[in-house]
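Dropping entry.txt in here (compact mmCIF, C-alpha atoms):
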# COMPACT_ATOMS: atom_id res chain seq x y z
CA MET A 1 36.91 5.72 8.66
CA ALA A 2 34.67 8.48 7.58
CA GLU A 3 30.94 8.00 7.62
CA TYR A 4 28.95 8.72 4.49
CA ILE A 5 25.37 9.67 3.72
CA LYS A 6 23.38 9.34 0.53
CA LEU A 7 21.11 12.38 0.31
CA ILE A 8 18.03 12.12 -1.91
CA ASP A 9 16.45 15.44 -2.85
CA VAL A 10 13.01 14.30 -3.95
CA THR A 11 12.18 17.79 -5.23
CA LYS A 12 14.80 17.39 -7.96
CA CYS A 13 13.84 13.89 -9.13
CA THR A 14 12.38 13.70 -12.62
CA GLY A 15 11.70 9.97 -12.46
CA CYS A 16 14.02 9.08 -15.34
CA ARG A 17 15.03 5.86 -13.54
CA GLY A 18 18.66 6.22 -14.55
CA CYS A 19 19.59 5.16 -11.01
CA GLN A 20 17.48 2.03 -11.33
CA VAL A 21 19.30 1.01 -14.51
CA ALA A 22 22.73 2.01 -13.15
CA CYS A 23 22.11 -0.19 -10.08
CA LYS A 24 21.23 -3.18 -12.24
CA GLN A 25 24.16 -2.46 -14.52
CA TRP A 26 26.79 -2.22 -11.78
CA ASN A 27 25.53 -5.13 -9.73
CA SER A 28 24.97 -7.32 -12.84
CA LEU A 29 21.35 -7.96 -11.95
CA PRO A 30 19.16 -9.55 -14.63
CA ALA A 31 16.05 -7.95 -16.07
CA GLU A 32 12.61 -8.96 -14.93
CA LYS A 33 9.38 -9.74 -16.68
CA THR A 34 6.86 -7.17 -15.51
CA ILE A 35 3.30 -6.21 -16.29
CA PHE A 36 1.77 -2.79 -16.79
CA SER A 37 0.20 -1.64 -13.55
CA GLY A 38 -1.22 1.73 -14.57
CA SER A 39 1.73 3.60 -13.10
CA LEU A 40 5.22 4.40 -14.34
CA GLN A 41 6.49 2.39 -11.38
CA ASN A 42 8.03 -0.73 -12.81
CA PRO A 43 8.47 -3.31 -11.38
CA LYS A 44 5.73 -2.83 -8.81
CA ASP A 45 7.93 -3.53 -5.80
CA LEU A 46 11.54 -4.14 -4.87
CA THR A 47 12.72 -7.64 -5.69
CA TYR A 48 15.91 -9.58 -5.13
CA ASN A 49 16.98 -8.47 -8.61
CA THR A 50 15.80 -4.87 -8.24
CA TRP A 51 17.60 -3.26 -5.34
CA THR A 52 16.44 0.24 -6.06
CA LEU A 53 13.18 1.46 -7.47
CA ILE A 54 11.55 4.79 -8.27
CA ARG A 55 8.16 4.96 -6.60
CA TYR A 56 5.58 7.27 -8.15
CA ASP A 57 2.99 8.79 -5.84
CA GLU A 58 0.21 11.18 -6.67
CA VAL A 59 -0.53 13.19 -3.55
CA VAL A 60 -3.43 15.64 -3.55
CA LYS A 61 -3.18 18.13 -0.69
CA ASP A 62 -5.33 21.28 -0.40
CA GLY A 63 -6.49 20.90 -3.97
CA LYS A 64 -2.91 20.81 -5.21
CA LEU A 65 -1.37 17.80 -6.91
CA HIS A 66 2.12 16.69 -5.97
CA TRP A 67 3.59 14.07 -8.24
CA VAL A 68 6.31 12.61 -6.07
CA MET A 69 9.00 10.35 -7.48
CA ARG A 70 10.98 8.71 -4.74
CA HIS A 71 14.17 6.69 -5.08
CA ASP A 72 13.49 3.73 -2.79
CA ALA A 73 16.32 1.52 -1.55
CA CYS A 74 17.98 0.34 1.64
CA MET A 75 18.17 3.11 4.28
CA HIS A 76 21.45 1.83 5.77
CA CYS A 77 20.39 2.34 9.38
CA ASP A 78 22.95 3.32 11.97
CA TRP A 79 21.65 0.54 14.19
CA PRO A 80 20.38 -2.00 11.66
CA ALA A 81 17.65 -4.38 12.76
CA CYS A 82 18.46 -6.76 9.92
CA ALA A 83 22.07 -7.22 11.01
CA LYS A 84 20.93 -7.53 14.64
CA ALA A 85 18.43 -10.24 13.74
CA CYS A 86 20.81 -12.11 11.44
CA PRO A 87 21.99 -15.37 13.04
CA SER A 88 24.80 -16.01 10.58
CA PRO A 89 28.04 -14.15 11.35
CA GLY A 90 29.20 -12.08 8.42
CA ALA A 91 26.04 -12.40 6.34
CA LEU A 92 24.90 -8.88 7.21
CA VAL A 93 27.59 -6.46 8.32
CA LYS A 94 27.47 -2.82 9.37
CA THR A 95 30.62 -1.29 7.94
CA PRO A 96 32.45 1.76 9.34
CA GLU A 97 31.42 3.76 6.26
CA GLY A 98 27.79 3.42 7.28
CA ALA A 99 26.74 0.86 4.70
CA VAL A 100 24.87 -2.28 5.72
CA VAL A 101 26.31 -4.95 3.45
CA HIS A 102 25.05 -8.45 2.81
CA ASN A 103 27.34 -11.29 1.84
CA PRO A 104 25.56 -14.12 0.00
CA GLN A 105 28.44 -16.44 0.86
CA TYR A 106 27.40 -16.50 4.52
CA CYS A 107 23.62 -16.06 4.09
CA ILE A 108 21.67 -19.10 5.23
CA GLY A 109 18.31 -17.93 3.89
CA CYS A 110 16.50 -17.79 7.24
CA LYS A 111 14.65 -14.54 6.27
CA ALA A 112 15.04 -13.08 9.79
CA CYS A 113 16.26 -9.82 8.24
CA ILE A 114 13.14 -9.56 6.08
CA ALA A 115 10.93 -9.87 9.16
CA ALA A 116 13.04 -7.43 11.19
CA CYS A 117 13.57 -4.57 8.71
CA PRO A 118 11.46 -1.54 9.69
CA PHE A 119 11.51 -0.28 6.08
CA ASP A 120 10.66 -3.64 4.42
CA ILE A 121 13.71 -3.62 2.16
CA PRO A 122 15.41 -7.06 2.04
CA ARG A 123 14.03 -9.52 -0.47
CA ASN A 124 14.45 -13.28 -0.63
CA ASN A 125 15.56 -15.10 -3.74
CA PRO A 126 13.41 -18.26 -3.73
CA GLU A 127 15.74 -20.06 -6.11
CA LEU A 128 18.94 -19.54 -4.16
CA GLU A 129 17.25 -19.07 -0.75
CA LYS A 130 19.39 -16.02 -0.10
CA MET A 131 18.48 -12.42 0.67
CA ALA A 132 19.50 -9.45 -1.43
CA LYS A 133 19.36 -5.69 -1.03
CA CYS A 134 21.21 -2.45 -1.79
CA THR A 135 24.81 -2.41 -0.51
CA LEU A 136 25.41 1.35 -0.96
CA CYS A 137 27.89 0.10 -3.60
CA TYR A 138 30.36 -0.81 -0.89
CA ASP A 139 32.89 -1.99 -3.47
CA ARG A 140 32.79 1.47 -5.04
CA ILE A 141 32.76 3.76 -1.99
CA THR A 142 35.77 2.01 -0.43
CA GLU A 143 37.73 2.89 -3.55
CA GLY A 144 36.78 6.54 -3.56
CA LYS A 145 33.95 6.29 -6.07
CA GLN A 146 30.34 7.27 -5.60
CA PRO A 147 27.59 4.66 -5.61
CA ALA A 148 26.40 3.70 -9.09
CA CYS A 149 23.00 5.40 -8.66
CA VAL A 150 24.57 8.67 -7.47
CA THR A 151 27.07 8.71 -10.34
CA ALA A 152 24.28 8.15 -12.84
CA CYS A 153 21.76 10.71 -11.50
CA PRO A 154 21.44 13.45 -14.16
CA THR A 155 19.55 16.04 -12.10
CA GLY A 156 21.61 16.12 -8.91
CA CYS A 157 18.77 14.59 -6.93
CA LEU A 158 21.07 11.94 -5.49
CA THR A 159 24.20 13.16 -3.77
CA PHE A 160 26.74 11.28 -1.72
CA GLY A 161 29.32 12.61 0.70
CA LEU A 162 30.64 12.88 4.22
CA LYS A 163 28.03 12.70 6.94
CA GLU A 164 28.59 16.23 8.32
CA ASP A 165 28.52 17.87 4.89
CA MET A 166 25.39 16.03 3.85
CA LEU A 167 23.53 16.80 7.09
CA GLU A 168 24.28 20.51 6.67
CA LYS A 169 23.27 20.39 3.02
CA ALA A 170 20.05 18.55 3.84
CA HIS A 171 18.93 21.10 6.43
CA LYS A 172 19.79 24.02 4.16
CA ARG A 173 17.91 22.52 1.24
CA ALA A 174 14.89 21.54 3.35
CA GLU A 175 14.67 25.10 4.61
CA ALA A 176 14.99 26.51 1.10
CA VAL A 177 12.17 24.40 -0.36
CA GLY A 178 10.08 24.45 2.81
CA GLY A 179 10.09 20.70 2.89
CA THR A 180 10.82 18.10 5.51
CA ILE A 181 13.60 15.63 6.09
CA TYR A 182 12.74 11.94 6.21
CA PRO A 183 13.45 10.01 8.40
CA SER A 184 13.10 12.84 10.89
CA ASN A 185 13.57 10.91 14.14
CA PRO A 186 16.96 12.07 15.53
CA LYS A 187 17.17 8.90 17.62
CA TYR A 188 16.99 6.69 14.56
CA GLU A 189 19.84 7.71 12.30
CA THR A 190 20.14 6.37 8.79
CA HIS A 191 22.79 6.75 6.14
CA VAL A 192 20.19 7.56 3.50
CA MET A 193 18.17 10.76 3.88
CA TYR A 194 15.31 12.26 1.92
CA ILE A 195 14.20 15.84 1.44
CA LEU A 196 10.47 15.73 0.79
CA PRO A 197 8.78 18.60 -1.03
CA ALA A 198 6.64 21.11 0.85
CA GLY A 199 3.21 19.78 1.77
CA VAL A 200 4.17 16.12 1.42
CA SER A 201 4.65 14.02 4.51
CA PRO A 202 6.06 10.47 4.62
CA LYS A 203 2.57 9.21 5.49
CA ASP A 204 1.29 10.22 2.05
CA LEU A 205 3.87 8.08 0.26
CA GLN A 206 3.90 4.36 -0.28
CA HIS A 207 6.41 2.08 1.38
CA THR A 208 7.59 4.54 4.02
CA ASN A 209 7.83 4.24 7.77
CA PRO A 210 7.46 7.62 9.53
CA ASN A 211 8.48 6.14 12.89
CA PRO A 212 11.17 3.55 12.26
CA SER A 213 12.45 1.55 15.20
CA MET A 214 14.16 -1.70 16.04
CA PRO A 215 11.42 -4.34 16.44
CA LEU A 216 10.83 -5.28 20.08
CA SER A 217 10.87 -8.98 19.23
CA VAL A 218 14.41 -8.74 17.86
CA LEU A 219 15.57 -6.79 20.92
CA LEU A 220 13.99 -9.24 23.37
CA TRP A 221 15.29 -12.26 21.54
CA LYS A 222 18.84 -11.05 20.96
CA ASN A 223 19.43 -9.14 24.21
CA LEU A 224 17.37 -11.10 26.74
CA PHE A 225 16.55 -14.64 25.71
CA LYS A 226 19.73 -15.44 23.82
CA PRO A 227 22.08 -14.78 26.78
CA PHE A 228 19.79 -16.94 28.91
CA THR A 229 20.23 -19.86 26.55
CA LEU A 230 23.98 -19.45 26.87
CA ILE A 231 23.76 -19.32 30.64
CA GLY A 232 21.63 -22.45 30.45
CA MET A 233 24.18 -24.14 28.22
CA GLY A 234 26.96 -23.23 30.65
CA ALA A 235 24.85 -24.43 33.59
CA VAL A 236 24.36 -27.83 31.96
CA ILE A 237 28.10 -28.24 31.38
CA GLY A 238 28.90 -26.94 34.88
CA GLY A 239 26.27 -29.18 36.41
CA ALA A 240 27.71 -32.20 34.63
CA PHE A 241 31.17 -31.33 35.86
CA LEU A 242 29.90 -30.82 39.40
CA HIS A 243 28.12 -34.14 39.21
CA TYR A 244 31.40 -35.75 38.18
CA LEU A 245 33.18 -34.18 41.15
CA ILE A 246 30.56 -35.21 43.69
CA LYS A 247 29.49 -38.59 42.36
CA GLY A 248 32.58 -39.60 40.46
CA PRO A 249 32.75 -41.27 37.07
CA HIS A 250 29.98 -43.35 35.64
CA GLU A 251 30.03 -46.86 37.09
CA VAL A 252 29.23 -49.73 34.87
CA HIS A 253 27.24 -52.46 36.62
CA GLU A 254 28.01 -55.71 35.06
CA THR A 255 24.99 -57.86 34.68
CA LYS A 256 25.09 -61.52 34.01
CA GLU A 257 23.40 -62.47 30.86
CA GLY A 258 20.65 -64.97 31.11
CA GLY A 259 20.73 -64.70 34.90
CA GLU A 260 17.01 -64.87 35.46
CA MET B 261 42.71 -40.17 27.65
CA ASP B 262 45.90 -38.26 28.27
CA ILE B 263 45.45 -34.52 28.33
CA THR B 264 48.65 -32.55 28.10
CA ARG B 265 48.87 -28.90 29.06
CA ARG B 266 49.05 -27.91 25.38
CA GLY B 267 46.11 -30.08 24.46
CA PHE B 268 44.02 -28.65 27.28
CA LEU B 269 44.74 -25.09 26.12
CA LYS B 270 43.74 -26.03 22.58
CA ILE B 271 40.41 -27.48 23.69
CA ALA B 272 39.75 -24.55 26.04
CA GLY B 273 40.51 -22.04 23.29
CA GLY B 274 38.33 -23.87 20.83
CA THR B 275 35.41 -24.01 23.25
CA LEU B 276 35.77 -20.31 23.98
CA ALA B 277 35.73 -19.50 20.28
CA ALA B 278 32.72 -21.74 19.68
CA THR B 279 30.67 -20.13 22.45
CA GLY B 280 31.90 -16.72 21.33
CA ILE B 281 30.27 -17.21 17.93
CA GLY B 282 27.00 -17.92 19.68
CA THR B 283 27.01 -14.70 21.69
CA GLY B 284 27.77 -12.48 18.76
CA ALA B 285 31.03 -11.39 20.38
CA TYR B 286 32.91 -12.39 17.27
CA VAL B 287 35.28 -10.37 15.17
CA LYS B 288 33.37 -9.23 12.16
CA PRO B 289 34.90 -10.54 8.96
CA ALA B 290 36.35 -7.98 6.61
CA PHE B 291 34.07 -7.29 3.70
CA ALA B 292 36.63 -6.02 1.26
CA GLN B 293 35.51 -6.77 -2.27
CA PRO B 294 37.62 -5.80 -5.23
CA ARG B 295 35.82 -3.49 -7.59
CA LYS B 296 34.90 -5.53 -10.64
CA VAL B 297 36.55 -3.08 -13.03
CA LYS B 298 39.91 -3.06 -11.21
CA TYR B 299 42.85 -3.33 -13.62
CA ALA B 300 40.48 -3.13 -16.59
CA GLN B 301 41.35 -0.92 -19.53
CA GLU B 302 39.30 2.28 -19.61
CA VAL B 303 38.17 3.44 -23.04
CA PRO B 304 36.37 6.79 -23.20
CA THR B 305 33.57 7.02 -25.71
CA VAL B 306 30.48 9.09 -26.47
CA CYS B 307 26.96 7.83 -25.96
CA PRO B 308 25.42 7.15 -29.38
CA TYR B 309 21.80 7.54 -28.42
CA CYS B 310 20.68 11.19 -28.45
CA GLY B 311 22.07 14.57 -29.42
CA VAL B 312 23.41 15.42 -25.95
CA GLY B 313 26.57 13.35 -26.38
CA CYS B 314 27.30 12.17 -22.84
CA GLY B 315 30.74 10.77 -22.10
CA ILE B 316 30.94 7.12 -21.16
CA ILE B 317 33.83 5.01 -19.94
CA VAL B 318 33.89 1.48 -21.33
CA HIS B 319 35.84 -0.99 -19.21
CA VAL B 320 37.53 -3.64 -21.30
CA ARG B 321 39.33 -6.74 -20.11
CA ASN B 322 40.83 -9.28 -22.52
CA GLY B 323 39.04 -7.63 -25.42
CA LYS B 324 35.61 -7.99 -23.80
CA VAL B 325 33.37 -5.18 -22.53
CA ILE B 326 32.86 -5.84 -18.82
CA ASN B 327 31.22 -2.60 -17.72
CA THR B 328 30.13 0.83 -18.93
CA GLU B 329 29.47 3.89 -16.81
CA GLY B 330 29.25 7.66 -17.08
CA ASP B 331 32.54 9.52 -17.36
CA PRO B 332 32.84 11.79 -14.28
CA ASP B 333 35.44 13.97 -16.06
CA HIS B 334 33.29 14.61 -19.12
CA PRO B 335 32.17 18.27 -19.31
CA ILE B 336 28.70 17.47 -20.64
CA ASN B 337 27.31 14.88 -18.26
CA LYS B 338 29.87 14.79 -15.41
CA GLY B 339 29.24 11.09 -14.91
CA SER B 340 25.45 11.11 -15.06
CA LEU B 341 23.50 9.00 -17.52
CA CYS B 342 19.87 8.48 -18.44
CA PRO B 343 18.48 4.91 -18.31
CA LYS B 344 19.08 4.41 -22.01
CA GLY B 345 22.71 5.44 -21.89
CA GLY B 346 23.10 3.57 -18.62
CA SER B 347 22.26 0.32 -20.34
CA LEU B 348 24.84 0.82 -23.09
CA TYR B 349 26.61 -2.29 -21.81
CA GLN B 350 23.95 -4.32 -23.57
CA ILE B 351 25.04 -3.15 -27.00
CA ALA B 352 28.06 -5.40 -26.50
CA ASN B 353 26.61 -8.05 -24.20
CA ASN B 354 23.06 -9.18 -24.73
CA ASP B 355 22.05 -12.64 -25.80
CA LYS B 356 18.64 -11.31 -26.86
CA ARG B 357 20.09 -9.24 -29.70
CA LEU B 358 19.86 -10.61 -33.22
CA SER B 359 23.02 -12.35 -34.37
CA LYS B 360 21.78 -13.48 -37.79
CA VAL B 361 20.01 -11.74 -40.63
CA LEU B 362 16.27 -12.41 -40.74
CA TYR B 363 14.19 -11.95 -43.89
CA ARG B 364 10.44 -11.78 -44.25
CA ALA B 365 9.33 -12.16 -47.85
CA PRO B 366 6.44 -9.95 -49.08
CA GLY B 367 3.20 -11.48 -47.88
CA ALA B 368 4.92 -14.05 -45.68
CA ASP B 369 4.00 -14.35 -42.00
CA SER B 370 7.29 -15.64 -40.68
CA TRP B 371 10.97 -14.79 -40.69
CA THR B 372 13.63 -16.92 -42.33
CA GLU B 373 17.36 -16.87 -41.63
CA VAL B 374 19.41 -15.68 -44.58
CA GLU B 375 23.07 -15.04 -45.36
CA TRP B 376 24.59 -11.58 -45.08
CA ASP B 377 25.69 -11.65 -48.75
CA TRP B 378 22.24 -12.55 -49.93
CA ALA B 379 20.64 -9.80 -47.82
CA LEU B 380 23.05 -7.09 -48.97
CA ASP B 381 22.60 -8.14 -52.60
CA LYS B 382 18.83 -8.04 -52.15
CA ILE B 383 18.94 -4.55 -50.62
CA ALA B 384 21.25 -3.28 -53.36
CA ARG B 385 19.08 -4.77 -56.09
CA ASN B 386 15.87 -3.31 -54.63
CA LEU B 387 17.48 0.09 -54.24
CA LYS B 388 18.78 0.04 -57.79
CA LYS B 389 15.40 -1.01 -59.13
CA GLU B 390 13.62 1.74 -57.21
CA ARG B 391 16.17 4.39 -58.19
CA ASP B 392 15.98 3.48 -61.88
CA ALA B 393 12.20 3.64 -61.77
CA SER B 394 11.62 6.91 -59.93
CA PHE B 395 14.74 9.09 -60.16
CA VAL B 396 13.89 12.76 -60.78
CA ALA B 397 16.60 14.38 -62.85
CA THR B 398 14.90 17.70 -63.56
CA ASN B 399 11.91 19.50 -62.02
CA ASP B 400 8.96 21.14 -63.77
CA LYS B 401 10.97 24.25 -64.62
CA GLY B 402 13.65 22.14 -66.27
CA GLU B 403 16.25 22.71 -63.52
CA VAL B 404 18.60 19.85 -62.64
CA VAL B 405 17.65 18.43 -59.22
CA ASN B 406 18.78 14.75 -59.28
CA ARG B 407 16.36 13.67 -56.56
CA LEU B 408 15.21 10.27 -55.36
CA GLU B 409 12.06 11.05 -53.43
CA THR B 410 10.66 7.55 -52.98
CA VAL B 411 13.40 6.33 -50.68
CA ALA B 412 14.12 7.56 -47.15
CA SER B 413 17.01 6.85 -44.84
CA VAL B 414 16.47 6.51 -41.10
CA GLY B 415 19.69 6.33 -39.09
CA GLY B 416 19.76 4.15 -36.02
CA ALA B 417 20.67 5.37 -32.58
CA SER B 418 23.80 3.30 -32.16
CA LEU B 419 25.44 4.60 -35.33
CA ASP B 420 28.45 6.70 -34.40
CA ASN B 421 29.55 9.99 -35.91
CA GLU B 422 31.84 8.49 -38.52
CA GLU B 423 29.33 5.86 -39.61
CA VAL B 424 26.67 8.54 -39.99
CA TYR B 425 29.09 10.63 -42.06
CA ALA B 426 29.68 7.75 -44.46
CA LEU B 427 25.97 6.92 -44.58
CA THR B 428 25.04 10.52 -45.42
CA LYS B 429 27.66 10.61 -48.18
CA MET B 430 26.13 7.53 -49.74
CA ASN B 431 22.59 8.86 -49.34
CA ARG B 432 23.45 12.17 -51.00
CA ALA B 433 25.17 10.35 -53.84
CA LEU B 434 22.02 8.33 -54.44
CA GLY B 435 20.00 11.54 -54.46
CA LEU B 436 18.03 11.00 -51.26
CA VAL B 437 16.39 14.02 -49.68
CA TYR B 438 14.60 12.36 -46.78
CA ILE B 439 17.49 11.66 -44.44
CA GLU B 440 16.75 11.35 -40.77
CA HIS B 441 18.61 10.25 -37.67
CA GLN B 442 17.64 9.46 -34.12
CA ALA B 443 20.19 11.96 -32.78
CA ARG B 444 18.03 14.86 -33.97
CA ILE B 445 15.44 14.39 -31.23

Hey, can you dump this file as structure tokens for me?
Amino acid sequence: MAEYIKLIDVTKCTGCRGCQVACKQWNSLPAEKTIFSGSLQNPKDLTYNTWTLIRYDEVVKDGKLHWVMRHDACMHCDWPACAKACPSPGALVKTPEGAVVHNPQYCIGCKACIAACPFDIPRNNPELEKMAKCTLCYDRITEGKQPACVTACPTGCLTFGLKEDMLEKAHKRAEAVGGTIYPSNPKYETHVMYILPAGVSPKDLQHTNPNPSMPLSVLLWKNLFKPFTLIGMGAVIGGAFLHYLIKGPHEVHETKEGGE
Amino acid sequence: MDITRRGFLKIAGGTLAATGIGTGAYVKPAFAQPRKVKYAQEVPTVCPYCGVGCGIIVHVRNGKVINTEGDPDHPINKGSLCPKGGSLYQIANNDKRLSKVLYRAPGADSWTEVEWDWALDKIARNLKKERDASFVATNDKGEVVNRLETVASVGGASLDNEEVYALTKMNRALGLVYIEHQARI
């Protein structure tokens, strides 16, 4: 199965929020009551009913103002910390297309993914006690359609395609605008990539992680301590069996009642 | 307890599977979801909101609108939509839209529910009264103008082309000169 990448050219975004509405529309997510916060950003943060959000940043660098509108959603990591931390099989799945998909049917609401995510994307629904996040429109891309946000984007800021094509396109475009690619760590691949305008670094923007990595706690727990517990479990069963072999079955000592 | 060979294999297999789930060495379940618009009827339409005229596909199942999205084959928008056109679905499905006619009498501070017939009669009567009172048949030079300058018509965004055509016909017949529509922005 081919791997896909969603490429977000921040230099082309006009902040119309068509993607935000298209996401809600396709995933049948209800509207939210919000308050005015002094910015066009609305709602203020991602929620379990808002899987994608345009973040507005005003960056002043060298006396020049950059008004950056950034489409913020799940990064669909190649090696997802959320799926690694998830204890429930099938609740968070990395698919061959590159999408990290959650399935509410299997979610137990433990919030381990929320703690593990290096980009702070998953959100908990306190009513249902289940997590929710962007799925890269897995039900659309498996049927040859583009994600809802990409289909809706009027300026060509969001594009979706095969991994190789998108990587080539991203480097060409970044060179042309003199900008940078985020996330830039070649060891931490994601299936969502940004092209940031010249003079703007991920550090200047809200809700970004310039150095994403799998949390050490998740690695230690899943790769080191968890096998130990299994070895321990096996040792207990093996020990019991060994005890049976050496000592034989449990003997019941009959005691006379009222024998004192 | 009698353990047959078959029974032992069953228990052993079950134990293996149970411990396998714990280690994460499980077979990942398929996450194939059918697209929600599969087998739905696709009806192409044009966005009513602004003058651009983006193409939209309306997915209909059993006579109900289940989804709307940009038409990727449309030459104008090629599938893209602004947030307003993207929420077109809510023209058909939104419980917050008005379903009854509300009337606020002059000077009143609250709305009352009225019948459609009553409301249309009231509008017609008011329009007739106003037209009789301030119709301008001739101007200062004595030329025939047949104008009604005290009434304006403001077309709504979700009126389609044909509705606007009929509305304009009626407005011109009444003699209106101030005719406006949202699609002119």

- A:Phe160 surroundings by all atoms listed in the file, 7 Å radius, close-in-sequence under 6 positions cut, as a PyMOL selection string: chain A and resi 5-7+146+150

Next, dump the selected residues to file, keeping only C-alpha atoms, as a short mmCIF file (atom, residue, chain, number, x, y, z; two decimals), keeping the file's coordinate frame.
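Saved as out.cif:
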data_model
loop_
_atom_site.label_atom_id
_atom_site.label_comp_id
_atom_site.auth_asym_id
_atom_site.auth_seq_id
_atom_site.Cartn_x
_atom_site.Cartn_y
_atom_site.Cartn_z
CA ILE A 5 25.37 9.67 3.72
CA LYS A 6 23.38 9.34 0.53
CA LEU A 7 21.11 12.38 0.31
CA GLN A 146 30.34 7.27 -5.60
CA VAL A 150 24.57 8.67 -7.47
#

Interface rows for chain A against chain B: nearest pair, Å to one decimal, 7 Å, all atoms listed in the file, as JSON lines:
{"residue": "A:Cys16", "atom": "CA", "partner": "B:Cys342", "partner_atom": "CA", "distance": 6.6}
{"residue": "A:Arg17", "atom": "CA", "partner": "B:Pro343", "partner_atom": "CA", "distance": 6.0}
{"residue": "A:Gly18", "atom": "CA", "partner": "B:Pro343", "partner_atom": "CA", "distance": 4.0}
{"residue": "A:Val21", "atom": "CA", "partner": "B:Pro343", "partner_atom": "CA", "distance": 5.5}
{"residue": "A:Ala22", "atom": "CA", "partner": "B:Gly346", "partner_atom": "CA", "distance": 5.7}
{"residue": "A:Gln25", "atom": "CA", "partner": "B:Ser347", "partner_atom": "CA", "distance": 6.7}
{"residue": "A:Gly90", "atom": "CA", "partner": "B:Pro289", "partner_atom": "CA", "distance": 5.9}
{"residue": "A:Asp139", "atom": "CA", "partner": "B:Arg295", "partner_atom": "CA", "distance": 5.3}
{"residue": "A:Arg140", "atom": "CA", "partner": "B:Arg295", "partner_atom": "CA", "distance": 6.3}
{"residue": "A:Thr151", "atom": "CA", "partner": "B:Ser340", "partner_atom": "CA", "distance": 5.5}
{"residue": "A:Ala152", "atom": "CA", "partner": "B:Ser340", "partner_atom": "CA", "distance": 3.9}
{"residue": "A:Cys153", "atom": "CA", "partner": "B:Ser340", "partner_atom": "CA", "distance": 5.1}
{"residue": "A:Pro154", "atom": "CA", "partner": "B:Ser340", "partner_atom": "CA", "distance": 4.7}

Could you name the residues that touch A:His66 at 9 Å or less, counting all atoms listed in the file, but leaving out those on the same chain fewer than 4 positions away, as an mmCIF file with C-alpha atoms, in the frame of the given file?
data_model
loop_
_atom_site.group_PDB
_atom_site.id
_atom_site.type_symbol
_atom_site.label_atom_id
_atom_site.label_comp_id
_atom_site.auth_asym_id
_atom_site.auth_seq_id
_atom_site.Cartn_x
_atom_site.Cartn_y
_atom_site.Cartn_z
ATOM 1 C CA ASP A 57 2.990 8.790 -5.840
ATOM 2 C CA GLU A 58 0.210 11.180 -6.670
ATOM 3 C CA VAL A 59 -0.530 13.190 -3.550
ATOM 4 C CA VAL A 60 -3.430 15.640 -3.550
ATOM 5 C CA LYS A 61 -3.180 18.130 -0.690
ATOM 6 C CA PRO A 197 8.780 18.600 -1.030
ATOM 7 C CA GLY A 199 3.210 19.780 1.770
ATOM 8 C CA VAL A 200 4.170 16.120 1.420
#

- To one decimal in Å, tell me the separation between atom CA of A:Thr190 and atom CA of A:Ile114.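 Computed distance, atom CA of A:Thr190 to atom CA of A:Ile114, equals 17.6 Å.
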
- Task: May I have the residues at most 12 Å from (26.7, -15.9, 0.5) in the file's coordinates, counting all atoms listed in the file, as a list in words?
- Result: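 Within the cut-off we find Ser88, Pro89, Gly90, Ala91, Leu92, Val101, His102, Asn103, Pro104, Gln105, Tyr106, Cys107, Ile108, Gly109, Asn125, Leu128, Glu129, Lys130, Met131 and Ala132 of chain A; Phe291 of chain B.
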
- Message: Using only C-alpha atoms, can you tell me which of A:Trp51, A:Cys19, A:His171, A:Lys84 comes closest to A:Leu220?
- Response: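 Closest to A:Leu220, using only C-alpha atoms: A:Lys84.
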
Close residues, stretch 357-363 of chain B itself excluded, 10 Å, all atoms listed in the file, min 5 positions apart in chain, as a PDB file with C-alpha atoms, in the frame of the given file:
ATOM      1  CA  GLN B 350      23.950  -4.320 -23.570  1.00  0.00           C
ATOM      2  CA  ILE B 351      25.040  -3.150 -27.000  1.00  0.00           C
ATOM      3  CA  ALA B 352      28.060  -5.400 -26.500  1.00  0.00           C
ATOM      4  CA  ALA B 368       4.920 -14.050 -45.680  1.00  0.00           C
ATOM      5  CA  SER B 370       7.290 -15.640 -40.680  1.00  0.00           C
ATOM      6  CA  TRP B 371      10.970 -14.790 -40.690  1.00  0.00           C
ATOM      7  CA  THR B 372      13.630 -16.920 -42.330  1.00  0.00           C
ATOM      8  CA  GLU B 373      17.360 -16.870 -41.630  1.00  0.00           C
ATOM      9  CA  VAL B 374      19.410 -15.680 -44.580  1.00  0.00           C
ATOM     10  CA  GLU B 375      23.070 -15.040 -45.360  1.00  0.00           C
ATOM     11  CA  TRP B 376      24.590 -11.580 -45.080  1.00  0.00           C
ATOM     12  CA  ASP B 377      25.690 -11.650 -48.750  1.00  0.00           C
ATOM     13  CA  TRP B 378      22.240 -12.550 -49.930  1.00  0.00           C
ATOM     14  CA  ALA B 379      20.640  -9.800 -47.820  1.00  0.00           C
TER      15      ALA B 379
END

- Message: Could you tell me how far atom CA of A:Tyr48 sits from atom CA of A:His191, in Å to one decimal place?
- Response: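 Separation of atom CA of A:His191 and atom CA of A:Tyr48: 21.0 Å.
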
Six-sided padding of 6 Å per side, axis-aligned box over stretch 40-46 of chain A, centre and edges in Å, one decimal, as AutoDock Vina command-line options:
--center_x 8.4 --center_y 0.1 --center_z -9.6 --size_x 18.3 --size_y 20.5 --size_z 21.5

- Item | Between atom CA of A:Ala73 and atom CA of A:Lys222 - distance in Å to one decimal |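 Between these atoms lies a distance of 25.9 Å.
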
- Item | Contacts of A:Cys134 within 9 Å, all atoms listed in the file, excl. fewer than 3 positions in-chain, as a PyMOL selection string | chain A and resi 23+50-52+73-76+100-102+121-122+137
